[in-house]
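Below is one structure, written out as structure tokens, with a few remarks after it.
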Amino acid sequence: MLGDDGDMTLAKRLLAWHRGNARQLPWRSEPRDPYRVLVSELMLQQTQVDRVLDRFEAFVAAYPDLATLAAATEEEVLAAWSGLGYYRRARMLHHLAREVRAGTGALPTSAAELAELPGVGPYTAAAVASLAFAEAIPVLDGNVLRVASRVLAFAGDPRTAAGREALLRWLRPLVEEGGPPGLVNEALMELGATVCRPTSPHCARCPLAPDCRARALGRPERYPPPRRRRAELAVTWVAACCVDAAGRWLVRQVTEGPILRGLWLPPIAALEPGASPEEVACDLVGGRLRAPPQPLASVRHSITHRRITVQPIRLALSSTRSASVTGRWVDPASPTVPTSSLFSKLIKVNNLSSQDAGE
Ligand code: SF4
């Protein structure tokens, strides 16, 4: 039960703020479509709202429901996901669609059942169950975790099981009794995303300010304590950049390794200590060259904790025939295969070098 009248007032203030201030986002149109909610929640994991806005409508236009998604190939789904990164989410969504289609054909409605689907963790399950099916279950995402930590001035680590439970003790009555559960959850998430920012929270605009202990104590940014960062891993790759007479690039599908699997990129390999980037690039492609390999300006790229330095080598092939056996030639403006933002960076540095060279 809500602890006292103060908590109820807090819920009312929170929902009034949400009515007047929440952003209009395409996945929030009423009535909520469980499929659109699920797709948006998966896209929003680890990807900024602006980037999701760029891709969401096109994705759900191409695949408006689980049936169309299940009928697509993985390559088509990855292509539609291009630009969002973290492609494992797209693979899991595709897998989920096929699993649901093979079963009842419809998404389950409870968080417990949703959490059994591929790629759906407790947070996503709670978000879909509360937003689309009105289940009274708190959604403890990063934004809500920050808001709750600050309102309670929670001194421990809210990312531990005990810490999460402490926050959930405050959240449960709010979600169960404070109003429609999906709206309460969405209001808390929205407040964390737009007002209770990690640094410089806008406390003067916050509906929870009268109840916020961290604000009363001063320096609310101290809550929650910073997350311990995973150690960075520095690696160097070589990319063989081959462009044919029509301006098309040679790309190959990455079939192994923990990252970029399933995506199409210029032939790429790790550079072992002592190895020559030019030789690695030539080995990657094979075939005879019209001119010596040309190193281009290196490119930096990050994937999770990996800090990758990519050394592009431009190769002028005498013939595109042998390279075509293991790759495809694609128009860089519309590659038609799923790729990574790393490809855009390589195209850019290659174009700059071409101009520099006066070609
Ligand atoms: S008063 Fe400030 S610190 Fe507290 S919840 Fe609101 S924005 Fe966050």
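FYI, nothing fancy with the structure tokens labels: chains A, B, ... in order, residues from 1 per chain, ligands from 1 as they appear.
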Which parts of segment 87-202 of chain A does DSSP call alpha helix (DSSP H) when run on the backbone here, written out as an MDAnalysis selection string?
chainID A and resid 88:102 111:114 122:133 142:152 161:177 181:194
Can you list, as a CSV table (one decimal) with C-alpha atoms, in the first residue's frame, every protein, DNA or RNA residue that comes within 10 Å of segment 40-47 of chain A when you count only C-alpha atoms, leaving out same-chain residues fewer than 4 positions away?
```csv
chain,number,residue,atom,x,y,z
A,25,LEU,CA,7.1,9.5,-29.5
A,26,PRO,CA,5.8,7.2,-32.3
A,27,TRP,CA,5.7,4.1,-30.1
A,28,ARG,CA,3.5,5.9,-27.5
A,34,PRO,CA,2.4,-4.5,-27.8
A,35,TYR,CA,4.6,-5.3,-30.9
A,36,ARG,CA,5.6,-1.6,-31.3
A,51,ARG,CA,18.8,7.5,-33.4
A,52,VAL,CA,15.8,5.2,-32.7
A,53,LEU,CA,13.5,7.9,-34.0
A,55,ARG,CA,14.9,4.0,-37.7
A,56,PHE,CA,11.8,3.0,-35.8
A,57,GLU,CA,9.1,4.0,-38.3
A,60,VAL,CA,7.8,-1.2,-38.3
A,81,TRP,CA,18.3,-2.5,-38.1
A,83,GLY,CA,22.4,2.3,-37.9
A,84,LEU,CA,21.2,1.2,-34.5
A,85,GLY,CA,24.2,-0.9,-33.6
A,86,TYR,CA,24.2,-3.9,-31.1
A,87,TYR,CA,22.8,-6.2,-33.8
A,89,ARG,CA,19.1,-7.3,-30.4
A,90,ALA,CA,17.9,-7.6,-34.0
A,92,MET,CA,17.0,-12.0,-30.9
A,93,LEU,CA,13.9,-10.1,-32.0
A,119,GLY,CA,16.4,-11.6,-25.8
A,120,VAL,CA,13.8,-10.3,-23.3
A,121,GLY,CA,15.3,-9.5,-19.9
A,123,TYR,CA,13.4,-4.9,-17.6
A,124,THR,CA,12.0,-5.3,-21.1
A,125,ALA,CA,9.5,-7.8,-19.9
A,127,ALA,CA,8.1,-2.5,-19.6
A,128,VAL,CA,6.1,-4.4,-22.2
A,141,ASP,CA,15.6,0.8,-16.0
A,304,THR,CA,31.2,-2.1,-26.1
```
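Taking atom CA of Ala245 of chain A and atom CA of Ala269 of chain A as the two end points, the separation is 24.7 Å.
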Residues within 8 Å of ligand 1 should be enumerated using only C-alpha atoms and all ligand atoms and returned as a PDB file with C-alpha atoms, in the first residue's frame.
```
ATOM      1  CA  ARG A 146      18.505   7.204 -10.848  1.00  0.00           C
ATOM      2  CA  VAL A 147      15.224   8.916  -9.920  1.00  0.00           C
ATOM      3  CA  ALA A 148      14.454   6.441  -7.133  1.00  0.00           C
ATOM      4  CA  ARG A 150      17.754  10.329  -5.520  1.00  0.00           C
ATOM      5  CA  VAL A 151      14.254  10.541  -4.082  1.00  0.00           C
ATOM      6  CA  LEU A 191      11.413  12.151 -15.777  1.00  0.00           C
ATOM      7  CA  GLY A 192      14.798  10.407 -15.568  1.00  0.00           C
ATOM      8  CA  VAL A 195      14.677  16.185 -15.992  1.00  0.00           C
ATOM      9  CA  CYS A 196      16.553  14.040 -13.493  1.00  0.00           C
ATOM     10  CA  ARG A 197      19.599  13.864 -15.742  1.00  0.00           C
ATOM     11  CA  PRO A 201      19.319  17.571 -12.818  1.00  0.00           C
ATOM     12  CA  HIS A 202      16.632  20.210 -13.341  1.00  0.00           C
ATOM     13  CA  CYS A 203      15.239  20.019  -9.818  1.00  0.00           C
ATOM     14  CA  ALA A 204      13.355  23.313 -10.173  1.00  0.00           C
ATOM     15  CA  ARG A 205      11.185  21.663 -12.874  1.00  0.00           C
ATOM     16  CA  CYS A 206      10.734  18.338 -11.083  1.00  0.00           C
ATOM     17  CA  PRO A 207       7.348  17.212  -9.744  1.00  0.00           C
ATOM     18  CA  LEU A 208       9.107  15.045  -7.135  1.00  0.00           C
ATOM     19  CA  ALA A 209      11.210  17.887  -5.735  1.00  0.00           C
ATOM     20  CA  PRO A 210       9.190  18.301  -2.520  1.00  0.00           C
ATOM     21  CA  ASP A 211       9.787  14.614  -1.699  1.00  0.00           C
ATOM     22  CA  CYS A 212      13.376  14.297  -2.898  1.00  0.00           C
ATOM     23  CA  ARG A 213      15.836  13.630  -0.106  1.00  0.00           C
ATOM     24  CA  ALA A 214      18.917  13.932  -2.308  1.00  0.00           C
ATOM     25  CA  ARG A 215      17.815  17.394  -3.350  1.00  0.00           C
ATOM     26  CA  PRO A 220      21.775  15.086  -5.929  1.00  0.00           C
ATOM     27  CA  GLU A 221      24.298  14.069  -8.640  1.00  0.00           C
TER      28      GLU A 221
END
```
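Residue nearest Thr326 of chain A, chosen from A:Gln311, A:Gln253, A:Ser340, A:Asn350 and counting only C-alpha atoms: A:Gln253.
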Interatomic distance between atom CA of Ser334 of chain A and atom CA of Ala297 of chain A?
23.7 Å
So which residues of segment 243-315 of chain A fall under strand (DSSP E or B) by DSSP, listed as an MDAnalysis selection string?
chainID A and resid 243 249:253 264:265 268:270 289 294:295 299:303 306:314
Grab the residues selected above and save them as a short mmCIF file (atom, residue, chain, number, x, y, z; two decimals), in the first residue's frame with N, CA and C atoms.
```cif
data_model
loop_
_atom_site.label_atom_id
_atom_site.label_comp_id
_atom_site.auth_asym_id
_atom_site.auth_seq_id
_atom_site.Cartn_x
_atom_site.Cartn_y
_atom_site.Cartn_z
N VAL A 243 37.63 -0.39 -54.42
CA VAL A 243 36.52 0.30 -55.08
C VAL A 243 36.64 0.02 -56.58
N TRP A 249 31.95 -0.68 -53.59
CA TRP A 249 32.95 -1.20 -52.64
C TRP A 249 32.83 -2.71 -52.51
N LEU A 250 33.98 -3.35 -52.32
CA LEU A 250 33.98 -4.78 -52.02
C LEU A 250 33.66 -4.96 -50.53
N VAL A 251 32.63 -5.76 -50.23
CA VAL A 251 32.31 -6.09 -48.84
C VAL A 251 32.16 -7.60 -48.69
N ARG A 252 32.41 -8.05 -47.47
CA ARG A 252 32.21 -9.46 -47.14
C ARG A 252 31.42 -9.55 -45.84
N GLN A 253 30.72 -10.66 -45.68
CA GLN A 253 29.97 -10.84 -44.45
C GLN A 253 30.89 -11.35 -43.34
N TRP A 264 28.01 -6.79 -43.14
CA TRP A 264 28.88 -6.75 -44.32
C TRP A 264 29.80 -5.55 -44.23
N LEU A 265 31.09 -5.80 -44.37
CA LEU A 265 32.10 -4.75 -44.27
C LEU A 265 33.20 -5.02 -45.29
N ILE A 268 38.25 -7.43 -43.49
CA ILE A 268 38.83 -6.85 -42.29
C ILE A 268 39.46 -7.96 -41.46
N ALA A 269 40.57 -7.65 -40.79
CA ALA A 269 41.22 -8.66 -39.95
C ALA A 269 42.01 -7.96 -38.85
N ALA A 270 42.24 -8.67 -37.77
CA ALA A 270 43.06 -8.13 -36.68
C ALA A 270 44.50 -8.03 -37.16
N LEU A 289 47.54 -6.33 -58.15
CA LEU A 289 47.25 -4.90 -57.95
C LEU A 289 47.79 -4.08 -59.12
N GLN A 294 47.89 1.46 -50.65
CA GLN A 294 47.99 2.83 -50.14
C GLN A 294 47.34 2.94 -48.76
N PRO A 295 48.16 3.15 -47.70
CA PRO A 295 47.56 3.34 -46.36
C PRO A 295 46.80 4.66 -46.30
N VAL A 299 41.15 5.06 -38.58
CA VAL A 299 39.78 5.35 -38.14
C VAL A 299 39.61 4.75 -36.75
N ARG A 300 38.94 5.50 -35.88
CA ARG A 300 38.66 4.96 -34.54
C ARG A 300 37.21 4.53 -34.47
N HIS A 301 37.00 3.39 -33.81
CA HIS A 301 35.65 2.86 -33.70
C HIS A 301 35.54 2.14 -32.36
N SER A 302 34.43 2.30 -31.68
CA SER A 302 34.22 1.64 -30.38
C SER A 302 33.04 0.70 -30.47
N ILE A 303 33.23 -0.50 -29.92
CA ILE A 303 32.12 -1.44 -29.78
C ILE A 303 32.21 -1.99 -28.36
N ARG A 306 35.50 -2.34 -26.40
CA ARG A 306 36.63 -2.40 -27.33
C ARG A 306 36.89 -1.03 -27.95
N ARG A 307 38.14 -0.59 -27.90
CA ARG A 307 38.53 0.65 -28.59
C ARG A 307 39.37 0.21 -29.78
N ILE A 308 38.78 0.34 -30.95
CA ILE A 308 39.38 -0.26 -32.14
C ILE A 308 40.00 0.83 -33.02
N THR A 309 41.26 0.62 -33.38
CA THR A 309 41.89 1.48 -34.37
C THR A 309 41.93 0.69 -35.68
N VAL A 310 41.30 1.24 -36.69
CA VAL A 310 41.25 0.52 -37.98
C VAL A 310 42.20 1.22 -38.95
N GLN A 311 43.12 0.44 -39.50
CA GLN A 311 44.04 0.96 -40.51
C GLN A 311 43.49 0.59 -41.89
N PRO A 312 42.90 1.55 -42.63
CA PRO A 312 42.41 1.21 -43.97
C PRO A 312 43.57 1.21 -44.97
N ILE A 313 43.55 0.24 -45.85
CA ILE A 313 44.54 0.17 -46.93
C ILE A 313 43.77 0.13 -48.25
N ARG A 314 44.04 1.09 -49.10
CA ARG A 314 43.34 1.09 -50.39
C ARG A 314 44.11 0.19 -51.36
#
```
Which residue is closest to Gly247 of chain A? Choose from A:Gly178, A:Pro332, A:Pro293, A:Pro226 and count only C-alpha atoms.
A:Pro332
Could you check how far atom CA of Ala216 of chain A sits from atom CA of Ala153 of chain A, in Å to one decimal?
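Between atom CA of Ala216 of chain A and atom CA of Ala153 of chain A the gap is 9.2 Å.
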